[in-house]
Each structure stands twice: as C-alpha cells, then as structure tokens.
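*Asks:* entry_30.txt (compact mmCIF, N, CA and C atoms) pasted underneath:
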# COMPACT_ATOMS: atom_id res chain seq x y z
N MET A 1 101.89 92.78 115.32
CA MET A 1 100.93 93.43 114.43
C MET A 1 99.97 92.38 113.88
N THR A 2 98.76 92.81 113.63
CA THR A 2 97.77 91.91 113.04
C THR A 2 97.87 91.97 111.53
N ASP A 3 97.27 90.99 110.86
CA ASP A 3 97.23 91.00 109.39
C ASP A 3 96.58 92.28 108.87
N ASP A 4 95.46 92.66 109.49
CA ASP A 4 94.75 93.86 109.03
C ASP A 4 95.63 95.11 109.16
N GLU A 5 96.35 95.23 110.25
CA GLU A 5 97.23 96.40 110.44
C GLU A 5 98.32 96.45 109.38
N VAL A 6 98.93 95.32 109.11
CA VAL A 6 100.01 95.29 108.12
C VAL A 6 99.46 95.57 106.73
N PHE A 7 98.38 94.91 106.34
CA PHE A 7 97.82 95.14 105.01
C PHE A 7 97.32 96.58 104.86
N ASP A 8 96.73 97.15 105.92
CA ASP A 8 96.26 98.54 105.86
C ASP A 8 97.41 99.53 105.79
N ASN A 9 98.44 99.33 106.61
CA ASN A 9 99.55 100.28 106.70
C ASN A 9 100.62 100.10 105.63
N TYR A 10 100.87 98.86 105.22
CA TYR A 10 101.99 98.60 104.32
C TYR A 10 101.59 97.83 103.07
N GLY A 11 100.32 97.56 102.89
CA GLY A 11 99.86 96.73 101.78
C GLY A 11 100.15 97.28 100.41
N ASP A 12 100.36 98.58 100.28
CA ASP A 12 100.64 99.17 98.97
C ASP A 12 102.12 99.48 98.74
N GLU A 13 102.98 99.04 99.64
CA GLU A 13 104.43 99.22 99.46
C GLU A 13 104.90 98.35 98.29
N PRO A 14 105.65 98.91 97.34
CA PRO A 14 106.17 98.09 96.25
C PRO A 14 107.15 97.04 96.78
N LEU A 15 107.03 95.84 96.26
CA LEU A 15 107.91 94.74 96.64
C LEU A 15 108.79 94.41 95.45
N ILE A 16 110.06 94.68 95.59
CA ILE A 16 111.03 94.52 94.51
C ILE A 16 111.56 93.09 94.50
N PHE A 17 111.70 92.52 93.30
CA PHE A 17 112.25 91.17 93.18
C PHE A 17 113.65 91.15 93.78
N SER A 18 113.88 90.21 94.68
CA SER A 18 115.19 90.08 95.34
C SER A 18 115.98 88.92 94.75
N HIS A 19 115.38 87.73 94.77
CA HIS A 19 116.09 86.57 94.24
C HIS A 19 115.13 85.39 94.05
N TYR A 20 115.66 84.37 93.40
CA TYR A 20 114.93 83.13 93.16
C TYR A 20 115.79 81.99 93.66
N TYR A 21 115.17 81.06 94.39
CA TYR A 21 115.91 79.89 94.85
C TYR A 21 114.94 78.73 95.05
N ASN A 22 115.24 77.61 94.43
CA ASN A 22 114.50 76.36 94.66
C ASN A 22 112.98 76.52 94.52
N PHE A 23 112.56 77.05 93.38
CA PHE A 23 111.15 77.24 93.05
C PHE A 23 110.45 78.32 93.86
N VAL A 24 111.19 79.23 94.46
CA VAL A 24 110.59 80.31 95.25
C VAL A 24 111.13 81.66 94.78
N PHE A 25 110.22 82.56 94.42
CA PHE A 25 110.56 83.94 94.11
C PHE A 25 110.46 84.73 95.41
N VAL A 26 111.49 85.54 95.71
CA VAL A 26 111.50 86.33 96.94
C VAL A 26 111.50 87.81 96.56
N PHE A 27 110.56 88.54 97.15
CA PHE A 27 110.44 89.98 96.95
C PHE A 27 110.63 90.66 98.30
N LYS A 28 111.12 91.91 98.28
CA LYS A 28 111.23 92.66 99.54
C LYS A 28 110.97 94.13 99.27
N SER A 29 110.53 94.81 100.31
CA SER A 29 110.26 96.24 100.21
C SER A 29 111.54 97.03 100.47
N ALA A 30 111.49 98.30 100.16
CA ALA A 30 112.53 99.22 100.63
C ALA A 30 112.37 99.32 102.14
N PRO A 31 113.37 99.80 102.85
CA PRO A 31 113.19 99.98 104.30
C PRO A 31 111.96 100.84 104.60
N LEU A 32 111.18 100.41 105.56
CA LEU A 32 109.96 101.12 105.96
C LEU A 32 110.30 102.22 106.94
N GLU A 33 109.34 103.10 107.22
CA GLU A 33 109.60 104.21 108.13
C GLU A 33 109.96 103.75 109.54
N ASN A 34 109.55 102.54 109.90
CA ASN A 34 109.89 102.00 111.23
C ASN A 34 111.22 101.25 111.22
N GLY A 35 111.91 101.26 110.08
CA GLY A 35 113.20 100.59 109.97
C GLY A 35 113.10 99.14 109.56
N GLY A 36 111.89 98.62 109.51
CA GLY A 36 111.69 97.22 109.13
C GLY A 36 111.63 97.05 107.63
N ARG A 37 111.31 95.84 107.21
CA ARG A 37 111.20 95.52 105.80
C ARG A 37 110.19 94.39 105.62
N LEU A 38 109.39 94.47 104.56
CA LEU A 38 108.44 93.42 104.21
C LEU A 38 109.09 92.44 103.24
N TYR A 39 108.70 91.17 103.35
CA TYR A 39 109.17 90.14 102.44
C TYR A 39 107.97 89.33 101.97
N LEU A 40 108.05 88.86 100.73
CA LEU A 40 107.00 88.02 100.17
C LEU A 40 107.66 86.89 99.40
N LYS A 41 107.23 85.66 99.68
CA LYS A 41 107.74 84.50 98.97
C LYS A 41 106.60 83.89 98.17
N LEU A 42 106.84 83.70 96.87
CA LEU A 42 105.84 83.14 95.97
C LEU A 42 106.37 81.87 95.34
N GLY A 43 105.49 80.94 95.07
CA GLY A 43 105.86 79.71 94.39
C GLY A 43 105.90 78.56 95.37
N GLY A 44 106.98 77.81 95.32
CA GLY A 44 107.14 76.69 96.22
C GLY A 44 107.27 75.36 95.52
N ASN A 45 106.73 75.26 94.31
CA ASN A 45 106.88 74.03 93.54
C ASN A 45 106.84 74.36 92.05
N MET A 46 107.20 73.39 91.22
CA MET A 46 107.33 73.61 89.79
C MET A 46 105.99 74.02 89.16
N GLU A 47 104.88 73.46 89.60
CA GLU A 47 103.58 73.78 89.01
C GLU A 47 103.23 75.26 89.23
N LYS A 48 103.43 75.74 90.45
CA LYS A 48 103.11 77.15 90.74
C LYS A 48 104.05 78.09 89.98
N VAL A 49 105.33 77.79 89.99
CA VAL A 49 106.32 78.66 89.36
C VAL A 49 106.12 78.72 87.85
N SER A 50 105.79 77.61 87.23
CA SER A 50 105.64 77.61 85.77
C SER A 50 104.44 78.44 85.32
N ALA A 51 103.49 78.69 86.21
CA ALA A 51 102.31 79.48 85.88
C ALA A 51 102.47 80.95 86.25
N MET A 52 103.61 81.33 86.82
CA MET A 52 103.81 82.70 87.29
C MET A 52 104.48 83.57 86.24
N ALA A 53 104.18 84.85 86.32
CA ALA A 53 104.88 85.85 85.51
C ALA A 53 105.39 86.92 86.48
N VAL A 54 106.65 87.28 86.36
CA VAL A 54 107.23 88.30 87.21
C VAL A 54 107.51 89.52 86.35
N ASP A 55 106.92 90.64 86.71
CA ASP A 55 107.09 91.89 85.97
C ASP A 55 108.02 92.80 86.76
N THR A 56 109.20 93.04 86.23
CA THR A 56 110.16 93.88 86.94
C THR A 56 109.86 95.37 86.78
N GLU A 57 108.97 95.72 85.86
CA GLU A 57 108.61 97.12 85.65
C GLU A 57 107.52 97.59 86.62
N GLU A 58 106.65 96.70 87.03
CA GLU A 58 105.55 97.01 87.95
C GLU A 58 105.66 96.11 89.17
N PRO A 59 106.33 96.59 90.23
CA PRO A 59 106.47 95.73 91.41
C PRO A 59 105.13 95.42 92.06
N PRO A 60 104.95 94.18 92.50
CA PRO A 60 103.71 93.82 93.18
C PRO A 60 103.65 94.41 94.57
N THR A 61 102.48 94.34 95.18
CA THR A 61 102.29 94.77 96.56
C THR A 61 101.59 93.64 97.32
N LEU A 62 101.61 93.72 98.63
CA LEU A 62 100.89 92.73 99.44
C LEU A 62 99.41 92.74 99.12
N ASN A 63 98.84 93.92 98.93
CA ASN A 63 97.41 94.01 98.65
C ASN A 63 97.06 93.37 97.32
N GLU A 64 97.98 93.35 96.37
CA GLU A 64 97.69 92.76 95.06
C GLU A 64 97.83 91.25 95.06
N ILE A 65 98.91 90.74 95.65
CA ILE A 65 99.17 89.30 95.52
C ILE A 65 99.57 88.59 96.80
N GLY A 66 99.68 89.29 97.90
CA GLY A 66 100.22 88.69 99.10
C GLY A 66 99.26 87.94 99.99
N ASP A 67 97.98 87.98 99.70
CA ASP A 67 97.01 87.38 100.61
C ASP A 67 97.08 85.86 100.68
N ASN A 68 97.47 85.21 99.57
CA ASN A 68 97.45 83.75 99.55
C ASN A 68 98.84 83.12 99.58
N ASP A 69 99.86 83.90 99.85
CA ASP A 69 101.22 83.39 99.88
C ASP A 69 101.86 83.72 101.21
N TYR A 70 103.14 83.38 101.34
CA TYR A 70 103.84 83.59 102.60
C TYR A 70 104.49 84.98 102.60
N ALA A 71 104.09 85.80 103.54
CA ALA A 71 104.65 87.14 103.69
C ALA A 71 105.07 87.32 105.15
N TYR A 72 106.09 88.13 105.34
CA TYR A 72 106.52 88.42 106.70
C TYR A 72 107.21 89.78 106.75
N MET A 73 107.35 90.29 107.98
CA MET A 73 108.01 91.56 108.20
C MET A 73 109.08 91.36 109.27
N LYS A 74 110.24 91.94 109.01
CA LYS A 74 111.29 91.97 110.02
C LYS A 74 111.43 93.41 110.50
N ASP A 75 111.70 93.57 111.79
CA ASP A 75 111.83 94.91 112.36
C ASP A 75 113.24 95.46 112.09
N ALA A 76 113.52 96.63 112.63
CA ALA A 76 114.80 97.30 112.40
C ALA A 76 115.98 96.48 112.92
N GLU A 77 115.72 95.59 113.86
CA GLU A 77 116.78 94.74 114.41
C GLU A 77 116.83 93.38 113.72
N ASN A 78 116.13 93.25 112.59
CA ASN A 78 116.08 92.04 111.77
C ASN A 78 115.43 90.86 112.49
N LYS A 79 114.50 91.16 113.40
CA LYS A 79 113.74 90.12 114.09
C LYS A 79 112.35 90.04 113.47
N LEU A 80 111.80 88.84 113.43
CA LEU A 80 110.48 88.63 112.87
C LEU A 80 109.44 89.40 113.66
N ALA A 81 108.70 90.28 112.99
CA ALA A 81 107.68 91.10 113.65
C ALA A 81 106.27 90.69 113.25
N TRP A 82 106.14 90.00 112.11
CA TRP A 82 104.82 89.61 111.61
C TRP A 82 105.01 88.55 110.54
N GLU A 83 104.09 87.60 110.47
CA GLU A 83 104.08 86.67 109.35
C GLU A 83 102.65 86.27 109.01
N HIS A 84 102.46 85.91 107.75
CA HIS A 84 101.15 85.60 107.20
C HIS A 84 101.29 84.42 106.25
N GLY A 85 100.47 83.42 106.42
CA GLY A 85 100.52 82.27 105.55
C GLY A 85 101.49 81.22 106.05
N GLU A 86 101.64 80.16 105.26
CA GLU A 86 102.51 79.05 105.60
C GLU A 86 103.87 79.27 104.97
N PRO A 87 104.95 79.12 105.74
CA PRO A 87 106.29 79.27 105.17
C PRO A 87 106.53 78.30 104.02
N ILE A 88 107.23 78.80 103.03
CA ILE A 88 107.57 77.97 101.87
C ILE A 88 108.95 77.41 102.10
Hey, can you dump this file as structure tokens for me?

*Replies:*
Amino acid sequence: MTDDEVFDNYGDEPLIFSHYYNFVFVFKSAPLENGGRLYLKLGGNMEKVSAMAVDTEEPPTLNEIGDNDYAYMKDAENKLAWEHGEPI
C-alpha cells in the first residue's frame, strides 16, 4: 500500500496508547476490517518525549500526528504490510 492509500483509508482510525518503552510511546488501532492493525511510535529521545502530551481521552489518528513519525501496518498474519518514516 502507498502512503496516500493508508492515510486516505485508515488515517482517521483512533490509535489507542499501548505502551511506553525507552523514550518511545507506542499506539495501535483496533483490528481493521482487513484483519490488520496500525501502529504509531512517537518520541525516540528525552527531548521529544519531554515536550509531548498524551491524552487518553482523545486518541490520536495518523492524519492528526502520524505524518512526521514512524507508523506501520501489519496484516492479519502479523506481517509488515506498510511503513512510513524512519524506525525509532
């Protein structure tokens, strides 16, 4: 899938906070209609993380914050189907 296809088709899917590890916040979507799931990793270092705010009441979406960070999609078989940005 291309970036445009993913952002157009799945860009408004809510991404729920999953976990935090080593200066990286990880968010993931609920299972998608194709059986896959979106993931978004934010942060990467202390400077970025200290400037972030995570709102558990309003989940972010790819269209809101995913353009400049590392996002990826795994298919129903848990294989990488798409990625955007540089891995953190």

*Asks:* Which one of A:Lys48, A:Lys41, A:Lys28, A:His19 sits closest to Ala71 (chain A) if you count only N, CA and C atoms?

*Replies:*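 Closest candidate: A:Lys41.
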
*Asks:* Could you pull out the strand (DSSP E or B) residues of chain A, going by DSSP on the backbone, and write them as a PDB file with N, CA and C atoms, in the coordinates of the input?

*Replies:*
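Once written, states_37.pdb looks like this:
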ATOM      1  N   ILE A  16     110.060  94.680  95.590  1.00  0.00           N
ATOM      2  CA  ILE A  16     111.030  94.520  94.510  1.00  0.00           C
ATOM      3  C   ILE A  16     111.560  93.090  94.500  1.00  0.00           C
ATOM      4  N   PHE A  17     111.700  92.520  93.300  1.00  0.00           N
ATOM      5  CA  PHE A  17     112.250  91.170  93.180  1.00  0.00           C
ATOM      6  C   PHE A  17     113.650  91.150  93.780  1.00  0.00           C
ATOM      7  N   SER A  18     113.880  90.210  94.680  1.00  0.00           N
ATOM      8  CA  SER A  18     115.190  90.080  95.340  1.00  0.00           C
ATOM      9  C   SER A  18     115.980  88.920  94.750  1.00  0.00           C
ATOM     10  N   HIS A  19     115.380  87.730  94.770  1.00  0.00           N
ATOM     11  CA  HIS A  19     116.090  86.570  94.240  1.00  0.00           C
ATOM     12  C   HIS A  19     115.130  85.390  94.050  1.00  0.00           C
ATOM     13  N   TYR A  20     115.660  84.370  93.400  1.00  0.00           N
ATOM     14  CA  TYR A  20     114.930  83.130  93.160  1.00  0.00           C
ATOM     15  C   TYR A  20     115.790  81.990  93.660  1.00  0.00           C
ATOM     16  N   TYR A  21     115.170  81.060  94.390  1.00  0.00           N
ATOM     17  CA  TYR A  21     115.910  79.890  94.850  1.00  0.00           C
ATOM     18  C   TYR A  21     114.940  78.730  95.050  1.00  0.00           C
ATOM     19  N   VAL A  24     111.190  79.230  94.460  1.00  0.00           N
ATOM     20  CA  VAL A  24     110.590  80.310  95.250  1.00  0.00           C
ATOM     21  C   VAL A  24     111.130  81.660  94.780  1.00  0.00           C
ATOM     22  N   PHE A  25     110.220  82.560  94.420  1.00  0.00           N
ATOM     23  CA  PHE A  25     110.560  83.940  94.110  1.00  0.00           C
ATOM     24  C   PHE A  25     110.460  84.730  95.410  1.00  0.00           C
ATOM     25  N   VAL A  26     111.490  85.540  95.710  1.00  0.00           N
ATOM     26  CA  VAL A  26     111.500  86.330  96.940  1.00  0.00           C
ATOM     27  C   VAL A  26     111.500  87.810  96.560  1.00  0.00           C
ATOM     28  N   PHE A  27     110.560  88.540  97.150  1.00  0.00           N
ATOM     29  CA  PHE A  27     110.440  89.980  96.950  1.00  0.00           C
ATOM     30  C   PHE A  27     110.630  90.660  98.300  1.00  0.00           C
ATOM     31  N   LYS A  28     111.120  91.910  98.280  1.00  0.00           N
ATOM     32  CA  LYS A  28     111.230  92.660  99.540  1.00  0.00           C
ATOM     33  C   LYS A  28     110.970  94.130  99.270  1.00  0.00           C
ATOM     34  N   ARG A  37     111.310  95.840 107.210  1.00  0.00           N
ATOM     35  CA  ARG A  37     111.200  95.520 105.800  1.00  0.00           C
ATOM     36  C   ARG A  37     110.190  94.390 105.620  1.00  0.00           C
ATOM     37  N   LEU A  38     109.390  94.470 104.560  1.00  0.00           N
ATOM     38  CA  LEU A  38     108.440  93.420 104.210  1.00  0.00           C
ATOM     39  C   LEU A  38     109.090  92.440 103.240  1.00  0.00           C
ATOM     40  N   TYR A  39     108.700  91.170 103.350  1.00  0.00           N
ATOM     41  CA  TYR A  39     109.170  90.140 102.440  1.00  0.00           C
ATOM     42  C   TYR A  39     107.970  89.330 101.970  1.00  0.00           C
ATOM     43  N   LEU A  40     108.050  88.860 100.730  1.00  0.00           N
ATOM     44  CA  LEU A  40     107.000  88.020 100.170  1.00  0.00           C
ATOM     45  C   LEU A  40     107.660  86.890  99.400  1.00  0.00           C
ATOM     46  N   LYS A  41     107.230  85.660  99.680  1.00  0.00           N
ATOM     47  CA  LYS A  41     107.740  84.500  98.970  1.00  0.00           C
ATOM     48  C   LYS A  41     106.600  83.890  98.170  1.00  0.00           C
ATOM     49  N   LEU A  42     106.840  83.700  96.870  1.00  0.00           N
ATOM     50  CA  LEU A  42     105.840  83.140  95.970  1.00  0.00           C
ATOM     51  C   LEU A  42     106.370  81.870  95.340  1.00  0.00           C
ATOM     52  N   GLY A  43     105.490  80.940  95.070  1.00  0.00           N
ATOM     53  CA  GLY A  43     105.860  79.710  94.390  1.00  0.00           C
ATOM     54  C   GLY A  43     105.900  78.560  95.370  1.00  0.00           C
ATOM     55  N   TYR A  70     103.140  83.380 101.340  1.00  0.00           N
ATOM     56  CA  TYR A  70     103.840  83.590 102.600  1.00  0.00           C
ATOM     57  C   TYR A  70     104.490  84.980 102.600  1.00  0.00           C
ATOM     58  N   ALA A  71     104.090  85.800 103.540  1.00  0.00           N
ATOM     59  CA  ALA A  71     104.650  87.140 103.690  1.00  0.00           C
ATOM     60  C   ALA A  71     105.070  87.320 105.150  1.00  0.00           C
ATOM     61  N   TYR A  72     106.090  88.130 105.340  1.00  0.00           N
ATOM     62  CA  TYR A  72     106.520  88.420 106.700  1.00  0.00           C
ATOM     63  C   TYR A  72     107.210  89.780 106.750  1.00  0.00           C
ATOM     64  N   MET A  73     107.350  90.290 107.980  1.00  0.00           N
ATOM     65  CA  MET A  73     108.010  91.560 108.200  1.00  0.00           C
ATOM     66  C   MET A  73     109.080  91.360 109.270  1.00  0.00           C
ATOM     67  N   LYS A  74     110.240  91.940 109.010  1.00  0.00           N
ATOM     68  CA  LYS A  74     111.290  91.970 110.020  1.00  0.00           C
ATOM     69  C   LYS A  74     111.430  93.410 110.500  1.00  0.00           C
ATOM     70  N   LEU A  80     111.800  88.840 113.430  1.00  0.00           N
ATOM     71  CA  LEU A  80     110.480  88.630 112.870  1.00  0.00           C
ATOM     72  C   LEU A  80     109.440  89.400 113.660  1.00  0.00           C
ATOM     73  N   ALA A  81     108.700  90.280 112.990  1.00  0.00           N
ATOM     74  CA  ALA A  81     107.680  91.100 113.650  1.00  0.00           C
ATOM     75  C   ALA A  81     106.270  90.690 113.250  1.00  0.00           C
ATOM     76  N   TRP A  82     106.140  90.000 112.110  1.00  0.00           N
ATOM     77  CA  TRP A  82     104.820  89.610 111.610  1.00  0.00           C
ATOM     78  C   TRP A  82     105.010  88.550 110.540  1.00  0.00           C
ATOM     79  N   GLU A  83     104.090  87.600 110.470  1.00  0.00           N
ATOM     80  CA  GLU A  83     104.080  86.670 109.350  1.00  0.00           C
ATOM     81  C   GLU A  83     102.650  86.270 109.010  1.00  0.00           C
ATOM     82  N   HIS A  84     102.460  85.910 107.750  1.00  0.00           N
ATOM     83  CA  HIS A  84     101.150  85.600 107.200  1.00  0.00           C
ATOM     84  C   HIS A  84     101.290  84.420 106.250  1.00  0.00           C
TER      85      HIS A  84
END

*Asks:* Of the candidates A:Gly43, A:Tyr70, A:His84, A:Ile16, which one gets nearest to Asp55 (chain A) if we count only C-alpha atoms?

*Replies:*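 So, comparing all the options, the nearest one is A:Ile16.
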
*Asks:* In Å, with one decimal, what is the gap from CA of Glu57 (chain A) to atom N of Phe25 (chain A)?

*Replies:*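 Separation between CA of Glu57 (chain A) and atom N of Phe25 (chain A): 17.1 Å.
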
*Asks:* Grab the atom C of Asp4 (chain A) to atom N of Asn34 (chain A) distance for me, in Å with one decimal place.

*Replies:*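 That distance, rounded to one decimal, is 15.8 Å.
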
*Asks:* Restore N, CA, C and O atoms in region 12-23 of chain A and list the result as a PDB file, keeping the file's coordinate frame.

*Replies:*
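Heads up, here's the output in rebuild17.pdb:
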ATOM      1  N   ASP A  12     100.360  98.580 100.280  1.00  0.00           N
ATOM      2  CA  ASP A  12     100.640  99.170  98.970  1.00  0.00           C
ATOM      3  C   ASP A  12     102.120  99.480  98.740  1.00  0.00           C
ATOM      4  O   ASP A  12     102.482 100.098  97.740  1.00  0.00           O
ATOM      5  N   GLU A  13     102.980  99.040  99.640  1.00  0.00           N
ATOM      6  CA  GLU A  13     104.430  99.220  99.460  1.00  0.00           C
ATOM      7  C   GLU A  13     104.900  98.350  98.290  1.00  0.00           C
ATOM      8  O   GLU A  13     104.583  97.156  98.235  1.00  0.00           O
ATOM      9  N   PRO A  14     105.650  98.910  97.340  1.00  0.00           N
ATOM     10  CA  PRO A  14     106.170  98.090  96.250  1.00  0.00           C
ATOM     11  C   PRO A  14     107.150  97.040  96.780  1.00  0.00           C
ATOM     12  O   PRO A  14     107.968  97.330  97.650  1.00  0.00           O
ATOM     13  N   LEU A  15     107.030  95.840  96.260  1.00  0.00           N
ATOM     14  CA  LEU A  15     107.910  94.740  96.640  1.00  0.00           C
ATOM     15  C   LEU A  15     108.790  94.410  95.450  1.00  0.00           C
ATOM     16  O   LEU A  15     108.317  93.923  94.423  1.00  0.00           O
ATOM     17  N   ILE A  16     110.060  94.680  95.590  1.00  0.00           N
ATOM     18  CA  ILE A  16     111.030  94.520  94.510  1.00  0.00           C
ATOM     19  C   ILE A  16     111.560  93.090  94.500  1.00  0.00           C
ATOM     20  O   ILE A  16     111.882  92.532  95.562  1.00  0.00           O
ATOM     21  N   PHE A  17     111.700  92.520  93.300  1.00  0.00           N
ATOM     22  CA  PHE A  17     112.250  91.170  93.180  1.00  0.00           C
ATOM     23  C   PHE A  17     113.650  91.150  93.780  1.00  0.00           C
ATOM     24  O   PHE A  17     114.501  91.974  93.457  1.00  0.00           O
ATOM     25  N   SER A  18     113.880  90.210  94.680  1.00  0.00           N
ATOM     26  CA  SER A  18     115.190  90.080  95.340  1.00  0.00           C
ATOM     27  C   SER A  18     115.980  88.920  94.750  1.00  0.00           C
ATOM     28  O   SER A  18     117.098  89.113  94.287  1.00  0.00           O
ATOM     29  N   HIS A  19     115.380  87.730  94.770  1.00  0.00           N
ATOM     30  CA  HIS A  19     116.090  86.570  94.240  1.00  0.00           C
ATOM     31  C   HIS A  19     115.130  85.390  94.050  1.00  0.00           C
ATOM     32  O   HIS A  19     113.995  85.436  94.495  1.00  0.00           O
ATOM     33  N   TYR A  20     115.660  84.370  93.400  1.00  0.00           N
ATOM     34  CA  TYR A  20     114.930  83.130  93.160  1.00  0.00           C
ATOM     35  C   TYR A  20     115.790  81.990  93.660  1.00  0.00           C
ATOM     36  O   TYR A  20     116.981  81.966  93.412  1.00  0.00           O
ATOM     37  N   TYR A  21     115.170  81.060  94.390  1.00  0.00           N
ATOM     38  CA  TYR A  21     115.910  79.890  94.850  1.00  0.00           C
ATOM     39  C   TYR A  21     114.940  78.730  95.050  1.00  0.00           C
ATOM     40  O   TYR A  21     113.930  78.879  95.753  1.00  0.00           O
ATOM     41  N   ASN A  22     115.240  77.610  94.430  1.00  0.00           N
ATOM     42  CA  ASN A  22     114.500  76.360  94.660  1.00  0.00           C
ATOM     43  C   ASN A  22     112.980  76.520  94.520  1.00  0.00           C
ATOM     44  O   ASN A  22     112.233  76.190  95.430  1.00  0.00           O
ATOM     45  N   PHE A  23     112.560  77.050  93.380  1.00  0.00           N
ATOM     46  CA  PHE A  23     111.150  77.240  93.050  1.00  0.00           C
ATOM     47  C   PHE A  23     110.450  78.320  93.860  1.00  0.00           C
ATOM     48  O   PHE A  23     109.223  78.326  93.979  1.00  0.00           O
TER      49      PHE A  23
END
